[in-house]
file start-v1.cif (mmCIF, C-alpha atoms)
data_coords
loop_
_atom_site.label_atom_id
_atom_site.label_comp_id
_atom_site.auth_asym_id
_atom_site.auth_seq_id
_atom_site.Cartn_x
_atom_site.Cartn_y
_atom_site.Cartn_z
CA MET A 1 26.37 31.24 -36.06
CA THR A 2 22.73 30.48 -35.28
CA GLU A 3 20.36 32.55 -33.17
CA ASN A 4 20.70 30.08 -30.26
CA ASN A 5 24.48 30.54 -30.12
CA GLN A 6 24.43 34.09 -28.78
CA GLU A 7 27.64 35.58 -27.50
CA VAL A 8 28.01 36.12 -23.76
CA ALA A 9 29.70 39.32 -22.60
CA HIS A 10 32.03 38.68 -19.63
CA ILE A 11 32.85 41.33 -17.03
CA GLY A 12 35.79 40.10 -14.98
CA LYS A 13 36.26 40.41 -11.23
CA SER A 14 38.74 43.30 -11.54
CA VAL A 15 36.28 45.51 -13.48
CA VAL A 16 34.24 48.26 -11.77
CA ILE A 17 31.35 49.92 -13.63
CA LYS A 18 29.29 52.88 -12.37
CA GLY A 19 26.28 53.88 -14.44
CA GLU A 20 23.89 52.17 -16.83
CA LEU A 21 24.82 48.84 -18.37
CA SER A 22 22.66 47.79 -21.33
CA GLY A 23 22.97 45.67 -24.44
CA SER A 24 21.49 42.95 -26.61
CA GLY A 25 23.45 39.89 -25.50
CA ASP A 26 23.72 37.66 -22.46
CA LEU A 27 25.99 38.89 -19.65
CA PHE A 28 28.23 37.13 -17.13
CA LEU A 29 29.13 39.66 -14.47
CA ASP A 30 31.89 38.76 -12.01
CA GLY A 31 33.01 42.31 -11.23
CA GLU A 32 31.45 45.32 -9.51
CA VAL A 33 28.50 47.30 -10.90
CA GLU A 34 26.70 50.27 -9.37
CA GLY A 35 23.69 51.76 -11.21
CA THR A 36 21.36 49.84 -13.52
CA VAL A 37 21.66 46.66 -15.57
CA ASP A 38 19.10 46.65 -18.40
CA LEU A 39 19.11 43.53 -20.61
CA LYS A 40 15.36 42.87 -20.88
CA GLN A 41 15.63 40.36 -23.76
CA ASN A 42 18.64 38.47 -22.38
CA SER A 43 20.00 36.65 -19.36
CA VAL A 44 22.26 38.04 -16.64
CA THR A 45 24.47 35.87 -14.45
CA ILE A 46 26.12 37.46 -11.43
CA GLY A 47 29.12 35.25 -10.77
CA PRO A 48 30.54 34.25 -7.37
CA ASN A 49 32.83 37.32 -7.26
CA GLY A 50 30.11 39.69 -8.53
CA ARG A 51 29.19 42.66 -6.33
CA VAL A 52 26.20 44.54 -7.71
CA LYS A 53 24.32 47.56 -6.32
CA ALA A 54 21.80 48.06 -9.09
CA LYS A 55 18.30 47.56 -10.43
CA VAL A 56 18.51 44.54 -12.72
CA SER A 57 16.03 44.05 -15.61
CA ALA A 58 16.49 40.92 -17.72
CA LYS A 59 14.74 37.89 -19.23
CA SER A 60 16.39 35.61 -16.65
CA VAL A 61 18.76 36.25 -13.75
CA VAL A 62 21.12 33.75 -12.07
CA LEU A 63 22.74 34.92 -8.84
CA GLU A 64 25.89 33.44 -7.31
CA GLY A 65 27.44 36.60 -5.83
CA LYS A 66 26.14 39.66 -3.96
CA LEU A 67 23.27 41.85 -5.16
CA GLU A 68 21.72 44.87 -3.47
CA GLY A 69 18.81 46.09 -5.56
CA ASN A 70 15.56 45.09 -7.16
CA ILE A 71 15.20 42.50 -9.93
CA VAL A 72 12.60 42.41 -12.71
CA ALA A 73 12.91 39.19 -14.74
CA SER A 74 10.32 38.35 -17.40
CA GLU A 75 11.03 34.59 -17.19
CA ARG A 76 12.90 33.38 -14.08
CA VAL A 77 15.27 34.14 -11.20
CA GLU A 78 17.65 31.55 -9.74
CA ILE A 79 19.36 32.33 -6.42
CA ARG A 80 22.16 29.81 -5.92
CA GLU A 81 23.63 28.66 -2.58
CA THR A 82 26.53 31.17 -2.67
CA ALA A 83 24.28 34.19 -3.35
CA ASN A 84 23.58 37.09 -1.01
CA VAL A 85 20.55 39.05 -2.27
CA THR A 86 18.87 42.07 -0.69
CA GLY A 87 15.99 43.54 -2.70
CA ASP A 88 12.59 42.91 -4.19
CA ILE A 89 11.99 40.50 -7.09
CA VAL A 90 9.28 40.49 -9.76
CA THR A 91 9.30 37.37 -11.98
CA LYS A 92 7.23 34.45 -13.27
CA ARG A 93 9.38 31.71 -11.66
CA ILE A 94 11.92 31.73 -8.83
CA MET A 95 14.30 29.16 -7.36
CA ILE A 96 16.14 29.78 -4.09
CA ALA A 97 18.81 27.21 -3.19
CA GLU A 98 19.37 25.99 0.34
CA GLY A 99 22.10 28.09 1.97
CA ALA A 100 21.41 31.22 -0.11
CA PHE A 101 20.71 34.53 1.67
CA PHE A 102 17.65 36.46 0.46
CA LYS A 103 16.03 39.46 2.14
CA GLY A 104 13.17 41.11 0.29
CA SER A 105 9.86 40.32 -1.32
CA VAL A 106 8.81 38.28 -4.33
CA ALA A 107 5.87 39.14 -6.58
CA GLN A 108 4.58 37.20 -9.54
CA GLU A 109 5.04 39.20 -12.74
CA GLY A 110 2.19 41.66 -13.18
CA GLU A 111 1.53 41.80 -9.43
CA PRO A 112 2.57 45.08 -7.76
CA ILE A 113 5.00 44.97 -4.84
CA ALA A 114 3.33 46.50 -1.78
#

call {"tool": "encode", "arguments": {"input": "start-v1.cif", "output": "structure tokens"}}
result
Amino acid sequence: MTENNQEVAHIGKSVVIKGELSGSGDLFLDGEVEGTVDLKQNSVTIGPNGRVKAKVSAKSVVLEGKLEGNIVASERVEIRETANVTGDIVTKRIMIAEGAFFKGSVAQEGEPIA
């Protein structure tokens, strides 16, 4: 297995987690999380069934489900058309698809959110 073939942890839609979620691999989250998601060196995907009330820190974040909370992504954030996002985002690059719901502010990494 090479470094580029990292494993992806999968949290299914029937799983509910309350607390801090951290690790060293990529994460596909299709369940419910309340608390914090801390994967600063990896990517987090919130699937279409995902319901997250948390602060999310990751290298990149892809949103298809519902997120209430702030995002800090060192590389990029992608909000797809099925996403419903309420919270502030700090990242280098952001993409918001037509039809997505986003309420909050966006700051370029290194810029404080007022």

call {"tool": "resolve_selection", "arguments": {"input": "start-v1.cif", "expression": "the PyMOL selection byres ((chain A and resi 78-89) around 10)", "output": "compact mmCIF listing (two decimals) with C-alpha atoms, keeping the file's coordinate frame"}}
result
# COMPACT_ATOMS: atom_id res chain seq x y z
CA THR A 45 24.47 35.87 -14.45
CA ILE A 46 26.12 37.46 -11.43
CA GLY A 47 29.12 35.25 -10.77
CA PRO A 48 30.54 34.25 -7.37
CA ASN A 49 32.83 37.32 -7.26
CA GLY A 50 30.11 39.69 -8.53
CA ARG A 51 29.19 42.66 -6.33
CA VAL A 52 26.20 44.54 -7.71
CA LYS A 53 24.32 47.56 -6.32
CA ALA A 54 21.80 48.06 -9.09
CA LYS A 55 18.30 47.56 -10.43
CA VAL A 56 18.51 44.54 -12.72
CA SER A 60 16.39 35.61 -16.65
CA VAL A 61 18.76 36.25 -13.75
CA VAL A 62 21.12 33.75 -12.07
CA LEU A 63 22.74 34.92 -8.84
CA GLU A 64 25.89 33.44 -7.31
CA GLY A 65 27.44 36.60 -5.83
CA LYS A 66 26.14 39.66 -3.96
CA LEU A 67 23.27 41.85 -5.16
CA GLU A 68 21.72 44.87 -3.47
CA GLY A 69 18.81 46.09 -5.56
CA ASN A 70 15.56 45.09 -7.16
CA ILE A 71 15.20 42.50 -9.93
CA VAL A 72 12.60 42.41 -12.71
CA ALA A 73 12.91 39.19 -14.74
CA ARG A 76 12.90 33.38 -14.08
CA VAL A 77 15.27 34.14 -11.20
CA VAL A 90 9.28 40.49 -9.76
CA THR A 91 9.30 37.37 -11.98
CA LYS A 92 7.23 34.45 -13.27
CA ARG A 93 9.38 31.71 -11.66
CA ILE A 94 11.92 31.73 -8.83
CA MET A 95 14.30 29.16 -7.36
CA ILE A 96 16.14 29.78 -4.09
CA ALA A 97 18.81 27.21 -3.19
CA GLU A 98 19.37 25.99 0.34
CA GLY A 99 22.10 28.09 1.97
CA ALA A 100 21.41 31.22 -0.11
CA PHE A 101 20.71 34.53 1.67
CA PHE A 102 17.65 36.46 0.46
CA LYS A 103 16.03 39.46 2.14
CA GLY A 104 13.17 41.11 0.29
CA SER A 105 9.86 40.32 -1.32
CA VAL A 106 8.81 38.28 -4.33
CA ALA A 107 5.87 39.14 -6.58
CA GLN A 108 4.58 37.20 -9.54
CA GLU A 109 5.04 39.20 -12.74
CA ILE A 113 5.00 44.97 -4.84

call {"tool": "residues_around", "arguments": {"input": "start-v1.cif", "residues": "Phe28 in chain A", "least_positions_apart": "2", "cutoff": "8 Å", "atoms": "only C-alpha atoms", "output": "CSV table (one decimal) with C-alpha atoms, in the coordinates of the input"}}
result
chain,number,residue,atom,x,y,z
A,8,VAL,CA,28.0,36.1,-23.8
A,9,ALA,CA,29.7,39.3,-22.6
A,10,HIS,CA,32.0,38.7,-19.6
A,11,ILE,CA,32.8,41.3,-17.0
A,26,ASP,CA,23.7,37.7,-22.5
A,30,ASP,CA,31.9,38.8,-12.0
A,44,VAL,CA,22.3,38.0,-16.6
A,45,THR,CA,24.5,35.9,-14.4
A,46,ILE,CA,26.1,37.5,-11.4
A,47,GLY,CA,29.1,35.2,-10.8

call {"tool": "residues_near_point", "arguments": {"input": "start-v1.cif", "point": "(31.2, 56.5, -14.7)", "cutoff": "12 Å", "atoms": "all atoms listed in the file", "output": "PDB file with C-alpha atoms, keeping the file's coordinate frame"}}
result
ATOM      1  CA  VAL A  16      34.240  48.260 -11.770  1.00  0.00           C
ATOM      2  CA  ILE A  17      31.350  49.920 -13.630  1.00  0.00           C
ATOM      3  CA  LYS A  18      29.290  52.880 -12.370  1.00  0.00           C
ATOM      4  CA  GLY A  19      26.280  53.880 -14.440  1.00  0.00           C
ATOM      5  CA  GLU A  20      23.890  52.170 -16.830  1.00  0.00           C
ATOM      6  CA  LEU A  21      24.820  48.840 -18.370  1.00  0.00           C
ATOM      7  CA  VAL A  33      28.500  47.300 -10.900  1.00  0.00           C
ATOM      8  CA  GLU A  34      26.700  50.270  -9.370  1.00  0.00           C
ATOM      9  CA  GLY A  35      23.690  51.760 -11.210  1.00  0.00           C
ATOM     10  CA  THR A  36      21.360  49.840 -13.520  1.00  0.00           C
TER      11      THR A  36
END

call {"tool": "atom_distance", "arguments": {"input": "start-v1.cif", "atom1": "CA of Ser22 in chain A", "atom2": "CA of Glu75 in chain A"}}
result
18.1 Å

call {"tool": "decode", "arguments": {"input": "start-v1.cif", "residues": "range 79-114 of chain A", "atoms": "N, CA and C atoms", "output": "short mmCIF file (atom, residue, chain, number, x, y, z; two decimals), in the first residue's frame"}}
result
data_model
loop_
_atom_site.label_atom_id
_atom_site.label_comp_id
_atom_site.auth_asym_id
_atom_site.auth_seq_id
_atom_site.Cartn_x
_atom_site.Cartn_y
_atom_site.Cartn_z
N ILE A 79 -18.89 22.88 -1.10
CA ILE A 79 -20.27 22.75 -0.66
C ILE A 79 -21.09 22.34 -1.88
N ARG A 80 -21.54 21.09 -1.89
CA ARG A 80 -22.27 20.57 -3.04
C ARG A 80 -23.75 20.95 -2.99
N GLU A 81 -24.46 20.71 -4.11
CA GLU A 81 -25.84 21.19 -4.26
C GLU A 81 -26.81 20.67 -3.21
N THR A 82 -26.54 19.51 -2.60
CA THR A 82 -27.45 18.94 -1.59
C THR A 82 -27.13 19.41 -0.18
N ALA A 83 -26.08 20.22 -0.01
CA ALA A 83 -25.62 20.61 1.32
C ALA A 83 -26.46 21.72 1.94
N ASN A 84 -26.50 21.70 3.27
CA ASN A 84 -27.16 22.73 4.07
C ASN A 84 -26.16 23.09 5.17
N VAL A 85 -25.51 24.26 5.03
CA VAL A 85 -24.40 24.63 5.92
C VAL A 85 -24.71 25.94 6.63
N THR A 86 -24.61 25.92 7.96
CA THR A 86 -24.75 27.12 8.77
C THR A 86 -23.51 27.23 9.64
N GLY A 87 -22.69 28.24 9.39
CA GLY A 87 -21.47 28.42 10.17
C GLY A 87 -20.43 29.19 9.38
N ASP A 88 -19.35 29.54 10.05
CA ASP A 88 -18.28 30.31 9.42
C ASP A 88 -17.20 29.38 8.89
N ILE A 89 -16.56 29.79 7.79
CA ILE A 89 -15.55 28.97 7.13
C ILE A 89 -14.27 29.75 6.98
N VAL A 90 -13.15 29.12 7.33
CA VAL A 90 -11.82 29.66 7.09
C VAL A 90 -11.09 28.64 6.21
N THR A 91 -10.65 29.06 5.02
CA THR A 91 -9.99 28.15 4.08
C THR A 91 -9.24 28.95 3.03
N LYS A 92 -8.41 28.25 2.24
CA LYS A 92 -7.72 28.90 1.12
C LYS A 92 -8.63 29.01 -0.09
N ARG A 93 -9.39 27.91 -0.39
CA ARG A 93 -10.26 27.87 -1.57
C ARG A 93 -11.63 27.33 -1.18
N ILE A 94 -12.67 27.89 -1.83
CA ILE A 94 -14.03 27.41 -1.55
C ILE A 94 -14.81 27.31 -2.84
N MET A 95 -15.70 26.30 -2.91
CA MET A 95 -16.59 26.12 -4.05
C MET A 95 -17.98 25.88 -3.48
N ILE A 96 -18.94 26.70 -3.92
CA ILE A 96 -20.32 26.53 -3.48
C ILE A 96 -21.17 26.26 -4.72
N ALA A 97 -21.77 25.09 -4.77
CA ALA A 97 -22.57 24.68 -5.94
C ALA A 97 -23.91 25.40 -5.94
N GLU A 98 -24.45 25.59 -7.14
CA GLU A 98 -25.78 26.16 -7.29
C GLU A 98 -26.78 25.23 -6.62
N GLY A 99 -27.69 25.80 -5.82
CA GLY A 99 -28.69 25.00 -5.12
C GLY A 99 -28.31 24.68 -3.69
N ALA A 100 -27.05 24.86 -3.32
CA ALA A 100 -26.61 24.60 -1.94
C ALA A 100 -27.11 25.72 -1.04
N PHE A 101 -27.33 25.41 0.25
CA PHE A 101 -27.69 26.43 1.24
C PHE A 101 -26.47 26.70 2.10
N PHE A 102 -26.09 27.98 2.20
CA PHE A 102 -24.96 28.37 3.05
C PHE A 102 -25.30 29.66 3.76
N LYS A 103 -25.21 29.65 5.09
CA LYS A 103 -25.42 30.86 5.88
C LYS A 103 -24.24 30.99 6.82
N GLY A 104 -23.46 32.05 6.63
CA GLY A 104 -22.29 32.26 7.46
C GLY A 104 -21.32 33.18 6.75
N SER A 105 -20.08 33.16 7.20
CA SER A 105 -19.06 34.00 6.56
C SER A 105 -17.90 33.13 6.10
N VAL A 106 -17.15 33.68 5.13
CA VAL A 106 -15.97 32.99 4.61
C VAL A 106 -14.79 33.91 4.76
N ALA A 107 -13.69 33.40 5.30
CA ALA A 107 -12.45 34.17 5.42
C ALA A 107 -11.34 33.35 4.80
N GLN A 108 -10.45 34.07 4.10
CA GLN A 108 -9.27 33.39 3.54
C GLN A 108 -8.39 33.00 4.71
N GLU A 109 -7.76 31.84 4.62
CA GLU A 109 -6.93 31.33 5.71
C GLU A 109 -5.94 32.41 6.17
N GLY A 110 -5.84 32.59 7.47
CA GLY A 110 -4.95 33.58 8.03
C GLY A 110 -5.66 34.89 8.32
N GLU A 111 -6.86 35.06 7.77
CA GLU A 111 -7.65 36.27 7.96
C GLU A 111 -8.64 36.01 9.10
N PRO A 112 -8.69 36.87 10.12
CA PRO A 112 -9.64 36.61 11.22
C PRO A 112 -11.08 36.85 10.80
N ILE A 113 -12.00 36.08 11.35
CA ILE A 113 -13.42 36.28 11.10
C ILE A 113 -13.90 37.33 12.08
N ALA A 114 -14.52 38.38 11.55
CA ALA A 114 -14.98 39.50 12.40
C ALA A 114 -16.21 39.13 13.17
#
